[in-house]
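For reference, the structure discussed in these notes is given below.
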Amino acid sequence: VRTSAGPHVLPHLPLVRGTGVALHRQLFDGLRRAIVDRLLRPGGRVPSTRALARDLGVSRLTVLTAYDQLLHEGYLEGRAGAGTFVSRALPDDALRAAPLRRARAAAAAEPTARPARTADAAPPPRRDDERGMRTFRVSLPALDLFPHATWARLVSRQARALTPAMMAYGQPAGLGVLRAAIAEHLRTSRAVRCEADQVLITSGSQAGLRLCAAVLLRYGDAVAVEEPGYPGARSAFEAGGARLAPVPVDDEGVDVAALAALGPHVRAAYVTPSHQYPLGVSMSAARRLSLLEWADRQRAWVIEDDYDSEYRYVSRPLGALQGVDPAGRVIYVGTFSKVLFPALRVGYLVVPPQLRQAFMDAREALDLFSPTLYQLALADFLREGHFVRHLRRMRTVYQGRRDALLDGLARHCADAVTVHNAEAGLHVSTWLRDAIDDVALVKRMHEHRLTAIALSTCYTGPAPRGGLLLGFGGSTERQLRAATRTLGELLDGA
Ligand SMILES: Cc1ncc(COP(=O)(O)O)c(C=O)c1O
């Protein structure tokens, strides 16, 4: 006997009084039609007679009479102690009925009726689910090594302890405990100068960038972006109505002289100083200072996207640009997508105190606040030391994965691929031999269940040369070695 049959569904049963057709007969017809048209599926539980009578506003006797008839004709079956169910073995004449014809007739009789679904099975797996996990996927952390059991324990502990206050509307800035834990982490590990009340929780850093556009830029304002740069930032600013002003990047980071030459109409500059996206360079100390001077002089804002600075393999990381900004012109953007997992959708902004209220107003206008349960669990994850432990463990793992990728590229792709930068983060940036079209190559990689980002898609204008961004965070060393072999074969044919 199945005792956990799941909740019952109340079918749509329009009963009309005064038509001369008895209510129990209308109910019998309605339920039988729902079963035959497969709106109610075999094995599904139907409401108890008491519940259905109450919901429909009819006597229990009416429902009992209809159910008796359906049981008698084999449309329903009763299971002792468990309830009443749609029969698993439906009467022959019901099965012979053509559901589509009946559905059409029902739709004609009643304009709001939905057509019956024809398949019982679970939806087929989505192709894009699998695509998001392919070898070389950029921005993917080691999801296979995420401390699942710990996370599940923290989430379920918080879910069980949720108070009514925690289930109500929350603050646009996010939960104080989480903001305090993030502020502490940023002060110690990134030399960010901040207090908890400058931290705003966002739905990933993408939402943080969108908020920057909403608060800092008016329609038509110019925002400087790195060329090449992160396409997601460009779209966040464009969605806010801003105009993009591309500024070239060289070995020291964004070219501040070129930025200054754009003139006074540039209201903000978006930069990735720790690990330039996509080329990988770290902005030099001299550039950092001249960028901050530019912002102060121009009364413009600097949006610092510190998306994956936790991992550095070659030298010690420079602290955040925000930490050396005396004038309060920097908005710092961070995320847990690369250090925990992207589907968490938790990121944060650190804003100068004078902008705090404007950011909170914009957040409230956008989507009010981030889900409280995940914020609570994440605060525990940070405060109980799991986060630091995970980061430490991942550094060694990523070093191994990076080395496997570099080794594979050297073995199988050296003729066509030059590694440009592999010093930090979760991907390496590479150049391709002159004639190779990076977009076409990525298409071919998709056919072989690989992926990558074509460097040329990171330029607003023409790219000087094709290249690939190859992620290593989300794939094992073995997968990376095998994938570089496949890439080498594709390049031989290119
Ligand atoms: C440079 C950069 N910024 C921001 C993001 C957005 O990350 P999320 O919205 O998941 O925090 C990404 C994601 O890949 C990125 O590469």
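For the structure tokens, the naming scheme is as follows: chains receive sequential letters (A, B, ...) according to their order of presentation, residues are indexed from 1 within each chain, and ligands are indexed from 1 in presentation order.
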Set the cut-off to 10 Å, count only C-alpha atoms and all ligand atoms, and list whatever residues fall near ligand 1 as number ranges by chain. A: 137-140, 202-209, 229-233, 271-272, 275-278, 304-308, 333-338, 341-348, 425-427
Write out as a PyMOL selection string all residues of stretch 186-387 of chain A that backbone DSSP assigns to alpha helix (DSSP H). chain A and resi 186-190+204-216+231-239+256-261+285-298+356-367+372-383+386-387
Run DSSP on the backbone and grab whatever in stretch 255-408 of chain A lands in strand (DSSP E or B); send it over as a PyMOL selection string. chain A and resi 266-271+301-305+312+330-335+347-350
Would you write out those residues with N, CA and C atoms, as an mmCIF file, in the first residue's frame?
```
data_model
loop_
_atom_site.group_PDB
_atom_site.id
_atom_site.type_symbol
_atom_site.label_atom_id
_atom_site.label_comp_id
_atom_site.auth_asym_id
_atom_site.auth_seq_id
_atom_site.Cartn_x
_atom_site.Cartn_y
_atom_site.Cartn_z
ATOM 1 N N VAL A 266 32.635 61.338 -19.617
ATOM 2 C CA VAL A 266 32.648 59.950 -19.114
ATOM 3 C C VAL A 266 32.366 59.979 -17.609
ATOM 4 N N ARG A 267 31.280 59.337 -17.202
ATOM 5 C CA ARG A 267 30.830 59.435 -15.820
ATOM 6 C C ARG A 267 31.355 58.311 -14.930
ATOM 7 N N ALA A 268 31.791 57.211 -15.568
ATOM 8 C CA ALA A 268 32.264 56.067 -14.769
ATOM 9 C C ALA A 268 33.179 55.213 -15.630
ATOM 10 N N ALA A 269 34.045 54.444 -14.954
ATOM 11 C CA ALA A 269 34.914 53.501 -15.669
ATOM 12 C C ALA A 269 34.787 52.143 -15.010
ATOM 13 N N TYR A 270 34.529 51.127 -15.823
ATOM 14 C CA TYR A 270 34.438 49.747 -15.324
ATOM 15 C C TYR A 270 35.782 49.072 -15.554
ATOM 16 N N VAL A 271 36.375 48.529 -14.480
ATOM 17 C CA VAL A 271 37.697 47.886 -14.611
ATOM 18 C C VAL A 271 37.761 46.580 -13.818
ATOM 19 N N TRP A 301 33.095 57.901 -11.325
ATOM 20 C CA TRP A 301 33.131 56.715 -10.469
ATOM 21 C C TRP A 301 33.965 55.619 -11.115
ATOM 22 N N VAL A 302 34.601 54.819 -10.269
ATOM 23 C CA VAL A 302 35.316 53.638 -10.764
ATOM 24 C C VAL A 302 34.569 52.405 -10.256
ATOM 25 N N ILE A 303 34.180 51.538 -11.186
ATOM 26 C CA ILE A 303 33.489 50.298 -10.801
ATOM 27 C C ILE A 303 34.521 49.177 -10.890
ATOM 28 N N GLU A 304 34.928 48.660 -9.719
ATOM 29 C CA GLU A 304 35.987 47.655 -9.648
ATOM 30 C C GLU A 304 35.352 46.269 -9.541
ATOM 31 N N ASP A 305 35.468 45.455 -10.598
ATOM 32 C CA ASP A 305 34.909 44.096 -10.593
ATOM 33 C C ASP A 305 36.018 43.139 -10.179
ATOM 34 N N ARG A 312 45.449 33.080 -7.125
ATOM 35 C CA ARG A 312 46.621 33.613 -7.815
ATOM 36 C C ARG A 312 47.734 32.605 -7.672
ATOM 37 N N VAL A 330 35.324 54.704 -5.558
ATOM 38 C CA VAL A 330 35.295 53.329 -6.078
ATOM 39 C C VAL A 330 34.083 52.563 -5.540
ATOM 40 N N ILE A 331 33.408 51.877 -6.443
ATOM 41 C CA ILE A 331 32.362 50.920 -6.054
ATOM 42 C C ILE A 331 32.950 49.546 -6.323
ATOM 43 N N TYR A 332 33.027 48.754 -5.266
ATOM 44 C CA TYR A 332 33.667 47.440 -5.365
ATOM 45 C C TYR A 332 32.577 46.385 -5.588
ATOM 46 N N VAL A 333 32.798 45.511 -6.599
ATOM 47 C CA VAL A 333 31.801 44.491 -6.954
ATOM 48 C C VAL A 333 32.419 43.110 -6.725
ATOM 49 N N GLY A 334 31.747 42.271 -5.958
ATOM 50 C CA GLY A 334 32.277 40.930 -5.690
ATOM 51 C C GLY A 334 31.191 39.871 -5.835
ATOM 52 N N THR A 335 31.612 38.613 -5.797
ATOM 53 C CA THR A 335 30.662 37.523 -6.027
ATOM 54 C C THR A 335 31.105 36.233 -5.341
ATOM 55 N N GLY A 347 26.074 37.874 -4.649
ATOM 56 C CA GLY A 347 27.235 38.734 -4.836
ATOM 57 C C GLY A 347 27.074 39.908 -3.884
ATOM 58 N N TYR A 348 27.948 40.892 -4.003
ATOM 59 C CA TYR A 348 27.854 42.033 -3.094
ATOM 60 C C TYR A 348 28.514 43.245 -3.719
ATOM 61 N N LEU A 349 28.096 44.406 -3.232
ATOM 62 C CA LEU A 349 28.738 45.668 -3.584
ATOM 63 C C LEU A 349 29.276 46.279 -2.301
ATOM 64 N N VAL A 350 30.405 46.979 -2.418
ATOM 65 C CA VAL A 350 30.844 47.833 -1.320
ATOM 66 C C VAL A 350 30.780 49.251 -1.874
#
```
With only C-alpha atoms as the counted atoms, please give the residues lying no more than 9 Å from A:Arg401, apart from itself and same-chain residues fewer than 4 positions off, as a PyMOL selection string. chain A and resi 396-397+405-406+472-478+480
Between A:Gly280, A:Asp221, A:Arg395, A:His265, which residue has the minimum interatomic distance to A:Ser429, considering only C-alpha atoms?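 Counting only C-alpha atoms, the residue closest to A:Ser429 is A:Gly280.
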Leaving out stretch 375-383 of chain A and any residue of its chain fewer than 4 positions from it, which residues lie within 8 Å of it when counting only C-alpha atoms, given as a list in words? Trp151, Leu154, Val155, Gln158, Gly174, Leu175, Val177, Leu178, Ala181, Ile182, Ser370, Pro371, Phe387 and Val388 of chain A
Limited to N, CA, C and O atoms, could you put the picked residues into a file as a PDB file, in the first residue's frame?
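Saved the output as part-v3.pdb:
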```
ATOM      1  N   TRP A 151      27.142  22.234   3.411  1.00  0.00           N
ATOM      2  CA  TRP A 151      26.199  23.250   2.928  1.00  0.00           C
ATOM      3  C   TRP A 151      24.757  22.796   3.174  1.00  0.00           C
ATOM      4  O   TRP A 151      23.915  23.570   3.661  1.00  0.00           O
ATOM      5  N   LEU A 154      23.840  23.256   6.764  1.00  0.00           N
ATOM      6  CA  LEU A 154      23.601  24.645   7.162  1.00  0.00           C
ATOM      7  C   LEU A 154      22.274  25.159   6.609  1.00  0.00           C
ATOM      8  O   LEU A 154      21.524  25.840   7.304  1.00  0.00           O
ATOM      9  N   VAL A 155      21.983  24.810   5.364  1.00  0.00           N
ATOM     10  CA  VAL A 155      20.723  25.287   4.767  1.00  0.00           C
ATOM     11  C   VAL A 155      19.542  24.672   5.510  1.00  0.00           C
ATOM     12  O   VAL A 155      18.581  25.375   5.864  1.00  0.00           O
ATOM     13  N   GLN A 158      19.021  26.178   8.949  1.00  0.00           N
ATOM     14  CA  GLN A 158      18.395  27.502   8.892  1.00  0.00           C
ATOM     15  C   GLN A 158      16.939  27.403   8.445  1.00  0.00           C
ATOM     16  O   GLN A 158      16.099  28.165   8.902  1.00  0.00           O
ATOM     17  N   GLY A 174      20.403  43.613   2.565  1.00  0.00           N
ATOM     18  CA  GLY A 174      20.735  42.229   2.906  1.00  0.00           C
ATOM     19  C   GLY A 174      20.862  42.074   4.419  1.00  0.00           C
ATOM     20  O   GLY A 174      20.776  43.049   5.171  1.00  0.00           O
ATOM     21  N   LEU A 175      21.088  40.845   4.852  1.00  0.00           N
ATOM     22  CA  LEU A 175      21.138  40.556   6.290  1.00  0.00           C
ATOM     23  C   LEU A 175      22.417  41.088   6.929  1.00  0.00           C
ATOM     24  O   LEU A 175      23.517  40.881   6.392  1.00  0.00           O
ATOM     25  N   VAL A 177      24.120  40.042   9.503  1.00  0.00           N
ATOM     26  CA  VAL A 177      25.152  39.048   9.839  1.00  0.00           C
ATOM     27  C   VAL A 177      25.992  38.705   8.625  1.00  0.00           C
ATOM     28  O   VAL A 177      27.211  38.540   8.728  1.00  0.00           O
ATOM     29  N   LEU A 178      25.365  38.606   7.477  1.00  0.00           N
ATOM     30  CA  LEU A 178      26.116  38.266   6.269  1.00  0.00           C
ATOM     31  C   LEU A 178      26.981  39.445   5.835  1.00  0.00           C
ATOM     32  O   LEU A 178      28.153  39.274   5.473  1.00  0.00           O
ATOM     33  N   ALA A 181      30.024  39.558   7.979  1.00  0.00           N
ATOM     34  CA  ALA A 181      30.991  38.492   7.670  1.00  0.00           C
ATOM     35  C   ALA A 181      31.730  38.810   6.368  1.00  0.00           C
ATOM     36  O   ALA A 181      32.944  38.584   6.255  1.00  0.00           O
ATOM     37  N   ILE A 182      31.026  39.367   5.388  1.00  0.00           N
ATOM     38  CA  ILE A 182      31.674  39.717   4.116  1.00  0.00           C
ATOM     39  C   ILE A 182      32.656  40.875   4.333  1.00  0.00           C
ATOM     40  O   ILE A 182      33.787  40.853   3.830  1.00  0.00           O
ATOM     41  N   SER A 370      17.414  40.067  -1.520  1.00  0.00           N
ATOM     42  CA  SER A 370      17.791  38.695  -1.876  1.00  0.00           C
ATOM     43  C   SER A 370      17.163  37.693  -0.902  1.00  0.00           C
ATOM     44  O   SER A 370      16.905  38.037   0.251  1.00  0.00           O
ATOM     45  N   PRO A 371      16.964  36.431  -1.355  1.00  0.00           N
ATOM     46  CA  PRO A 371      16.325  35.433  -0.500  1.00  0.00           C
ATOM     47  C   PRO A 371      17.034  35.282   0.858  1.00  0.00           C
ATOM     48  O   PRO A 371      18.254  35.139   0.922  1.00  0.00           O
ATOM     49  N   PHE A 387      34.174  28.529   4.731  1.00  0.00           N
ATOM     50  CA  PHE A 387      34.542  29.275   3.520  1.00  0.00           C
ATOM     51  C   PHE A 387      36.055  29.334   3.366  1.00  0.00           C
ATOM     52  O   PHE A 387      36.608  28.986   2.316  1.00  0.00           O
ATOM     53  N   VAL A 388      36.736  29.731   4.425  1.00  0.00           N
ATOM     54  CA  VAL A 388      38.196  29.864   4.370  1.00  0.00           C
ATOM     55  C   VAL A 388      38.834  28.499   4.086  1.00  0.00           C
ATOM     56  O   VAL A 388      39.762  28.376   3.286  1.00  0.00           O
TER      57      VAL A 388
END
```
For A:Val314, please output as a VMD selection string all residues within 9 Å (counting only C-alpha atoms; exclusion window: fewer than 3 positions along the same chain). chain A and resid 317 422 to 424
For the residues in that selection, give me N, CA and C atoms as an mmCIF file, in the first residue's frame.
```cif
data_model
loop_
_atom_site.group_PDB
_atom_site.id
_atom_site.type_symbol
_atom_site.label_atom_id
_atom_site.label_comp_id
_atom_site.auth_asym_id
_atom_site.auth_seq_id
_atom_site.Cartn_x
_atom_site.Cartn_y
_atom_site.Cartn_z
ATOM 1 N N PRO A 317 48.741 38.446 -4.556
ATOM 2 C CA PRO A 317 47.828 39.399 -5.188
ATOM 3 C C PRO A 317 48.006 40.804 -4.622
ATOM 4 N N ALA A 422 48.287 33.044 -17.522
ATOM 5 C CA ALA A 422 47.722 31.942 -16.731
ATOM 6 C C ALA A 422 48.068 32.146 -15.267
ATOM 7 N N GLU A 423 48.161 33.412 -14.839
ATOM 8 C CA GLU A 423 48.686 33.694 -13.503
ATOM 9 C C GLU A 423 47.653 33.633 -12.401
ATOM 10 N N ALA A 424 46.380 33.767 -12.766
ATOM 11 C CA ALA A 424 45.363 33.890 -11.714
ATOM 12 C C ALA A 424 44.020 33.392 -12.221
#
```
Taking into account only C-alpha atoms, which residue in the set A:Gln26, A:Asn421, A:Thr460, A:Gln357 is nearest to A:Pro228? A:Thr460
Using Å and a single decimal, report how far atom CA of A:Gly57 sits from atom CA of A:Gly30.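 That distance, rounded to one decimal, is 15.6 Å.
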Nearest to A:Val324: which of A:Arg193, A:Arg444, A:Arg157, A:Arg187 is it, counting only C-alpha atoms?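 So, comparing all the options, the nearest one is A:Arg193.
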Residue nearest A:His446 - candidates A:Arg45, A:Arg433, A:Arg134, A:Arg79, atoms counted: only C-alpha atoms: A:Arg134
Would you mind listing what lies within 12 Å of A:Arg392 as number ranges by chain, with only C-alpha atoms counted and same-chain residues fewer than 6 positions away left out? A: 310-312, 339, 385-386, 398-399
